[in-house]
Amino acid sequence: MLKVTVDVFSGRPNPSWIIDGPEGKEILKDLAMNRKAIDEEDSGFQGLGFRGIHLELLSDETGKEYGLPRSFLIANGATANESKGFEIGEHLVGKMLSYSKSYITERELTPLDEGLQKHLQGIMKRASAQIPKREKVYETVNGKIVQEELSKYAVKVEKELEELKSLISKLRKVKRACCMIEVCRVNLSFWNSDSYVCYWNNCYNYGTNRKTNTFAQPGRGSGHPNNVMQCANVAQAAKYDGAHDRYDCFPDSEKPRPLMALVVDPGWDYHWYRYQYIQFFGLKLYLWGHKPGHTKAKITDNSGNIIWNPETCNRGGYTDFCGYFYGCKSMKVA
Amino acid sequence: MRVEADVFSGVPNPCWDLTESEIHRLVEMLQNLPKKKTQLLETIGLGYRGFYVSEAMDRPFNKLHVYRGTIEVTYADTVIQLADKDRKIEYWLLGTSKQHLSGDLFNKICSLME
């Protein structure tokens, strides 16, 4: 006796029936001659939808007779002969109504009827349409079109190798450009306690750590004012003032060298953050401080969270992250 | 009297002056507003943070801060808060900007206020 279960449902029991007599023997004989059509349990496609047909021998003698395991799968998306598996599967489903009378517990929730049979035939047809693609992979394993497949893989591997080389080169560059910076402790009262200072100093003042009381603008101190609110333009204006891109190091004579981050609300405004730390129960916690326009300097973002990373914090409309920069002693901020 | 829409961080905020009749209208509207229990007027950080009304260049000391239904009046060391029901004065102030700001900037402030 052979128990057939179509592994297809997720919530309700899978359709299942028992085949006995000569028909079961014919199927087992067919499978014994096509061993590549079977696979072990819990293998192959494991997602939602048709996952194969589970066959279980209900007598310990039958398996020995045909040299088959006690239970196994066919048409599970992973056998070396999916076509045969689907051929047998379609045959089994085609005959399932003639076994609808045999009692098994699963049948109470999943009765075998014409509607179910059509449903199974439909999803198996869709699944079998993908066979050629799968079998090609196996043919490759069996050496039939090894050359073609290998050359495809070779191209892929070469491409990945090039990407890795480029990454390694970038990492080496970063390692070489390990710049020294100065990280200041957060001192919000310096900016906030005097309302005049708070009003006349903005994010650029805070980012560069220069209280000018002029509501400073990138480029103004060096005579290169900028009116275009895009990353490249604001960054260039700050560089005219003396800022450097990250990893373009300043010498020790340019201490203090704060690390700043620039973001832009495209077309409208820019904003700067400065890398700092707070002392918390004796620990140094590194974070980012900022001063949104005339408002008080702070270490939190628009969600009220501490800014650990200016790239991912809540920045409202300042959607473009432009990059990191160094300030320096000789920077002209005005 | 100057109005400043506090919306930018780096570039200067858009500012414009109220006319004599607008100043009278504003004072008239303020007189009828109920007082609120004073609480810290917290703004979001980056983005729209309200309107400030002050004598030009005098903003840090004497001002009105109008933000999402609350009007904070600062005069020297005294701070009181008034309830701006339905953000009536806030939107009225926005309306006074129309003849002074570009259409794009006006629309930008409108979108930030929502």
# chains A, B, ... in the order shown; residues from 1 in each chain; ligands from 1

$ closest_atom_pairs --of "chain A" --to "chain B" --cutoff "10 Å" --atoms "only C-alpha atoms" --output "Markdown table"
| residue | atom | partner | partner_atom | distance |
| --- | --- | --- | --- | --- |
| A:Asp194 | CA | B:Pro60 | CA | 9.1 |
| A:Ser195 | CA | B:Pro60 | CA | 5.6 |
| A:Tyr196 | CA | B:Pro60 | CA | 5.8 |
| A:Val197 | CA | B:Pro60 | CA | 9.1 |
| A:Cys198 | CA | B:Pro60 | CA | 8.4 |
| A:Tyr199 | CA | B:Pro60 | CA | 6.4 |
| A:Trp200 | CA | B:Pro60 | CA | 9.2 |
| A:Asn201 | CA | B:Gly10 | CA | 9.4 |
| A:Asn202 | CA | B:Gly10 | CA | 6.1 |
| A:Cys203 | CA | B:Gly10 | CA | 5.8 |
| A:Tyr204 | CA | B:Gly10 | CA | 6.5 |
| A:Asn205 | CA | B:Gly10 | CA | 9.2 |
| A:Phe215 | CA | B:Pro12 | CA | 7.5 |
| A:Ala216 | CA | B:Gly10 | CA | 7.9 |
| A:Gln217 | CA | B:Gly10 | CA | 7.0 |
| A:Pro218 | CA | B:Gly10 | CA | 8.8 |
| A:Asn227 | CA | B:Val11 | CA | 9.0 |
| A:Met229 | CA | B:Val11 | CA | 9.1 |
| A:Val264 | CA | B:Gly10 | CA | 9.5 |
| A:Asp265 | CA | B:Phe8 | CA | 9.3 |
| A:Trp268 | CA | B:Phe8 | CA | 8.0 |
| A:Asp269 | CA | B:Val11 | CA | 6.0 |
| A:Tyr270 | CA | B:Gly10 | CA | 5.4 |
| A:His271 | CA | B:Gly10 | CA | 5.6 |
| A:Trp272 | CA | B:Gly10 | CA | 7.9 |
| A:His290 | CA | B:Gly45 | CA | 9.5 |
| A:Lys291 | CA | B:Ser9 | CA | 7.6 |
| A:Pro292 | CA | B:Ser9 | CA | 4.6 |
| A:Gly293 | CA | B:Ser9 | CA | 3.7 |
| A:His294 | CA | B:Ser9 | CA | 7.3 |
| A:Thr295 | CA | B:Gly45 | CA | 7.7 |
| A:Lys296 | CA | B:Gly45 | CA | 8.8 |
| A:Ala297 | CA | B:Gly45 | CA | 9.3 |
| A:Lys298 | CA | B:Gly45 | CA | 8.6 |
| A:Thr300 | CA | B:Gly45 | CA | 8.4 |
| A:Asp301 | CA | B:Gly45 | CA | 6.8 |
| A:Asn302 | CA | B:Ile44 | CA | 5.4 |
| A:Ser303 | CA | B:Ile44 | CA | 7.7 |
| A:Gly304 | CA | B:Ile44 | CA | 8.2 |
| A:Asn314 | CA | B:Leu46 | CA | 8.9 |
| A:Arg315 | CA | B:Leu46 | CA | 6.3 |
| A:Gly316 | CA | B:Leu46 | CA | 6.0 |
| A:Gly317 | CA | B:Gly47 | CA | 6.7 |
| A:Tyr318 | CA | B:Leu46 | CA | 7.8 |

$ select_by_dssp --residues "stretch 14-104 of chain B" --states "strand (DSSP E or B)" --output "list in words"
Cys15, Trp16, Asp17, Lys35, Lys36, Phe51, Tyr52, Val53, Ser54, Asn62, Lys63, Leu64, His65, Val66, Tyr67, Thr70, Ile71, Glu72, Val73, Thr74, Tyr75, Thr78, Val79, Ile80, Gln81, Leu82 and Ala83 of chain B

$ write_last_selection --atoms "N, CA and C atoms" --output "PDB file, in the first residue's frame"
ATOM      1  N   CYS B  15      11.851  86.634   6.066  1.00  0.00           N
ATOM      2  CA  CYS B  15      11.314  87.682   6.952  1.00  0.00           C
ATOM      3  C   CYS B  15      10.527  88.687   6.131  1.00  0.00           C
ATOM      4  N   TRP B  16       9.573  89.336   6.744  1.00  0.00           N
ATOM      5  CA  TRP B  16       8.838  90.424   6.090  1.00  0.00           C
ATOM      6  C   TRP B  16       8.269  91.330   7.172  1.00  0.00           C
ATOM      7  N   ASP B  17       7.915  92.545   6.774  1.00  0.00           N
ATOM      8  CA  ASP B  17       7.387  93.515   7.738  1.00  0.00           C
ATOM      9  C   ASP B  17       5.867  93.597   7.643  1.00  0.00           C
ATOM     10  N   LYS B  35      -5.542  82.964  28.037  1.00  0.00           N
ATOM     11  CA  LYS B  35      -4.206  82.640  28.508  1.00  0.00           C
ATOM     12  C   LYS B  35      -4.099  81.122  28.710  1.00  0.00           C
ATOM     13  N   LYS B  36      -2.904  80.577  28.501  1.00  0.00           N
ATOM     14  CA  LYS B  36      -2.677  79.137  28.725  1.00  0.00           C
ATOM     15  C   LYS B  36      -1.708  78.954  29.877  1.00  0.00           C
ATOM     16  N   PHE B  51       6.321  80.952  13.719  1.00  0.00           N
ATOM     17  CA  PHE B  51       6.582  82.342  13.299  1.00  0.00           C
ATOM     18  C   PHE B  51       7.040  83.132  14.513  1.00  0.00           C
ATOM     19  N   TYR B  52       7.967  84.030  14.284  1.00  0.00           N
ATOM     20  CA  TYR B  52       8.377  84.980  15.321  1.00  0.00           C
ATOM     21  C   TYR B  52       7.961  86.373  14.868  1.00  0.00           C
ATOM     22  N   VAL B  53       7.373  87.127  15.784  1.00  0.00           N
ATOM     23  CA  VAL B  53       7.018  88.513  15.482  1.00  0.00           C
ATOM     24  C   VAL B  53       7.768  89.383  16.475  1.00  0.00           C
ATOM     25  N   SER B  54       8.507  90.347  15.977  1.00  0.00           N
ATOM     26  CA  SER B  54       9.302  91.184  16.887  1.00  0.00           C
ATOM     27  C   SER B  54       9.616  92.515  16.226  1.00  0.00           C
ATOM     28  N   ASN B  62      12.277  90.678  22.934  1.00  0.00           N
ATOM     29  CA  ASN B  62      10.835  90.936  22.984  1.00  0.00           C
ATOM     30  C   ASN B  62      10.213  90.333  21.733  1.00  0.00           C
ATOM     31  N   LYS B  63       9.384  89.358  21.949  1.00  0.00           N
ATOM     32  CA  LYS B  63       8.877  88.685  20.747  1.00  0.00           C
ATOM     33  C   LYS B  63       7.599  87.902  21.014  1.00  0.00           C
ATOM     34  N   LEU B  64       6.953  87.566  19.898  1.00  0.00           N
ATOM     35  CA  LEU B  64       5.872  86.576  19.934  1.00  0.00           C
ATOM     36  C   LEU B  64       6.390  85.357  19.196  1.00  0.00           C
ATOM     37  N   HIS B  65       6.152  84.184  19.757  1.00  0.00           N
ATOM     38  CA  HIS B  65       6.477  82.953  19.051  1.00  0.00           C
ATOM     39  C   HIS B  65       5.165  82.207  18.830  1.00  0.00           C
ATOM     40  N   VAL B  66       4.785  82.060  17.588  1.00  0.00           N
ATOM     41  CA  VAL B  66       3.489  81.467  17.244  1.00  0.00           C
ATOM     42  C   VAL B  66       3.747  80.089  16.645  1.00  0.00           C
ATOM     43  N   TYR B  67       3.299  79.038  17.329  1.00  0.00           N
ATOM     44  CA  TYR B  67       3.649  77.686  16.872  1.00  0.00           C
ATOM     45  C   TYR B  67       2.562  76.681  17.234  1.00  0.00           C
ATOM     46  N   THR B  70      -0.156  77.666  19.858  1.00  0.00           N
ATOM     47  CA  THR B  70       0.290  78.380  21.057  1.00  0.00           C
ATOM     48  C   THR B  70       1.017  79.655  20.645  1.00  0.00           C
ATOM     49  N   ILE B  71       0.742  80.724  21.387  1.00  0.00           N
ATOM     50  CA  ILE B  71       1.485  81.970  21.154  1.00  0.00           C
ATOM     51  C   ILE B  71       2.239  82.297  22.440  1.00  0.00           C
ATOM     52  N   GLU B  72       3.539  82.302  22.347  1.00  0.00           N
ATOM     53  CA  GLU B  72       4.361  82.622  23.519  1.00  0.00           C
ATOM     54  C   GLU B  72       4.803  84.080  23.404  1.00  0.00           C
ATOM     55  N   VAL B  73       4.435  84.860  24.406  1.00  0.00           N
ATOM     56  CA  VAL B  73       4.782  86.280  24.398  1.00  0.00           C
ATOM     57  C   VAL B  73       5.939  86.490  25.362  1.00  0.00           C
ATOM     58  N   THR B  74       7.051  86.998  24.863  1.00  0.00           N
ATOM     59  CA  THR B  74       8.204  87.273  25.728  1.00  0.00           C
ATOM     60  C   THR B  74       8.419  88.787  25.769  1.00  0.00           C
ATOM     61  N   TYR B  75       8.397  89.304  26.962  1.00  0.00           N
ATOM     62  CA  TYR B  75       8.698  90.729  27.121  1.00  0.00           C
ATOM     63  C   TYR B  75       9.670  90.851  28.284  1.00  0.00           C
ATOM     64  N   THR B  78       9.533  88.420  31.253  1.00  0.00           N
ATOM     65  CA  THR B  78       8.199  87.846  31.444  1.00  0.00           C
ATOM     66  C   THR B  78       7.803  87.004  30.228  1.00  0.00           C
ATOM     67  N   VAL B  79       7.293  85.801  30.505  1.00  0.00           N
ATOM     68  CA  VAL B  79       6.835  84.910  29.424  1.00  0.00           C
ATOM     69  C   VAL B  79       5.417  84.450  29.740  1.00  0.00           C
ATOM     70  N   ILE B  80       4.489  84.701  28.832  1.00  0.00           N
ATOM     71  CA  ILE B  80       3.139  84.141  28.989  1.00  0.00           C
ATOM     72  C   ILE B  80       2.756  83.412  27.694  1.00  0.00           C
ATOM     73  N   GLN B  81       1.806  82.498  27.827  1.00  0.00           N
ATOM     74  CA  GLN B  81       1.361  81.773  26.628  1.00  0.00           C
ATOM     75  C   GLN B  81      -0.139  81.950  26.427  1.00  0.00           C
ATOM     76  N   LEU B  82      -0.536  82.107  25.167  1.00  0.00           N
ATOM     77  CA  LEU B  82      -1.940  82.271  24.806  1.00  0.00           C
ATOM     78  C   LEU B  82      -2.349  81.140  23.865  1.00  0.00           C
ATOM     79  N   ALA B  83      -3.644  80.819  23.936  1.00  0.00           N
ATOM     80  CA  ALA B  83      -4.134  79.725  23.062  1.00  0.00           C
ATOM     81  C   ALA B  83      -4.595  80.301  21.726  1.00  0.00           C
TER      82      ALA B  83
END

$ closest_residue --among "A:Leu164, A:Val6, A:Ile181, A:Leu73" --to "A:Lys329" --atoms "only C-alpha atoms"
A:Ile181

$ closest_residue --among "B:Ser21, B:Asp104, B:Gln39, B:Glu55" --to "B:Arg2" --atoms "only C-alpha atoms"
B:Glu55

$ decode --residues "stretch 60-109 of chain B" --atoms "C-alpha atoms" --output "PDB file, in the first residue's frame"
ATOM      1  CA  PRO B  60      15.982  87.683  21.205  1.00  0.00           C
ATOM      2  CA  PHE B  61      14.396  89.890  23.857  1.00  0.00           C
ATOM      3  CA  ASN B  62      10.835  90.936  22.984  1.00  0.00           C
ATOM      4  CA  LYS B  63       8.877  88.685  20.747  1.00  0.00           C
ATOM      5  CA  LEU B  64       5.872  86.576  19.934  1.00  0.00           C
ATOM      6  CA  HIS B  65       6.477  82.953  19.051  1.00  0.00           C
ATOM      7  CA  VAL B  66       3.489  81.467  17.244  1.00  0.00           C
ATOM      8  CA  TYR B  67       3.649  77.686  16.872  1.00  0.00           C
ATOM      9  CA  ARG B  68       0.974  75.054  16.369  1.00  0.00           C
ATOM     10  CA  GLY B  69      -1.810  76.632  18.420  1.00  0.00           C
ATOM     11  CA  THR B  70       0.290  78.380  21.057  1.00  0.00           C
ATOM     12  CA  ILE B  71       1.485  81.970  21.154  1.00  0.00           C
ATOM     13  CA  GLU B  72       4.361  82.622  23.519  1.00  0.00           C
ATOM     14  CA  VAL B  73       4.782  86.280  24.398  1.00  0.00           C
ATOM     15  CA  THR B  74       8.204  87.273  25.728  1.00  0.00           C
ATOM     16  CA  TYR B  75       8.698  90.729  27.121  1.00  0.00           C
ATOM     17  CA  ALA B  76      11.974  91.239  28.948  1.00  0.00           C
ATOM     18  CA  ASP B  77      11.936  88.488  31.583  1.00  0.00           C
ATOM     19  CA  THR B  78       8.199  87.846  31.444  1.00  0.00           C
ATOM     20  CA  VAL B  79       6.835  84.910  29.424  1.00  0.00           C
ATOM     21  CA  ILE B  80       3.139  84.141  28.989  1.00  0.00           C
ATOM     22  CA  GLN B  81       1.361  81.773  26.628  1.00  0.00           C
ATOM     23  CA  LEU B  82      -1.940  82.271  24.806  1.00  0.00           C
ATOM     24  CA  ALA B  83      -4.134  79.725  23.062  1.00  0.00           C
ATOM     25  CA  ASP B  84      -4.354  80.251  19.305  1.00  0.00           C
ATOM     26  CA  LYS B  85      -7.504  78.267  18.584  1.00  0.00           C
ATOM     27  CA  ASP B  86      -7.469  76.546  15.166  1.00  0.00           C
ATOM     28  CA  ARG B  87      -4.058  78.175  14.583  1.00  0.00           C
ATOM     29  CA  LYS B  88      -5.992  81.239  13.416  1.00  0.00           C
ATOM     30  CA  ILE B  89      -3.215  83.753  14.032  1.00  0.00           C
ATOM     31  CA  GLU B  90      -0.564  81.352  12.723  1.00  0.00           C
ATOM     32  CA  TYR B  91      -2.332  81.082   9.377  1.00  0.00           C
ATOM     33  CA  TRP B  92      -3.110  84.798   9.378  1.00  0.00           C
ATOM     34  CA  LEU B  93       0.623  85.484   9.725  1.00  0.00           C
ATOM     35  CA  LEU B  94       1.294  83.078   6.867  1.00  0.00           C
ATOM     36  CA  GLY B  95      -1.213  85.058   4.802  1.00  0.00           C
ATOM     37  CA  THR B  96       0.682  88.306   5.412  1.00  0.00           C
ATOM     38  CA  SER B  97       3.754  86.739   3.742  1.00  0.00           C
ATOM     39  CA  LYS B  98       2.068  86.232   0.378  1.00  0.00           C
ATOM     40  CA  GLN B  99       2.957  89.606  -1.101  1.00  0.00           C
ATOM     41  CA  HIS B 100       6.548  89.363   0.146  1.00  0.00           C
ATOM     42  CA  LEU B 101       7.681  85.802  -0.657  1.00  0.00           C
ATOM     43  CA  SER B 102       8.006  83.881  -3.901  1.00  0.00           C
ATOM     44  CA  GLY B 103       5.290  81.383  -4.689  1.00  0.00           C
ATOM     45  CA  ASP B 104       7.719  78.466  -4.225  1.00  0.00           C
ATOM     46  CA  LEU B 105       8.829  79.651  -0.815  1.00  0.00           C
ATOM     47  CA  PHE B 106       5.245  80.317   0.265  1.00  0.00           C
ATOM     48  CA  ASN B 107       4.272  76.789  -0.802  1.00  0.00           C
ATOM     49  CA  LYS B 108       7.341  75.356   0.959  1.00  0.00           C
ATOM     50  CA  ILE B 109       6.292  77.000   4.244  1.00  0.00           C
TER      51      ILE B 109
END
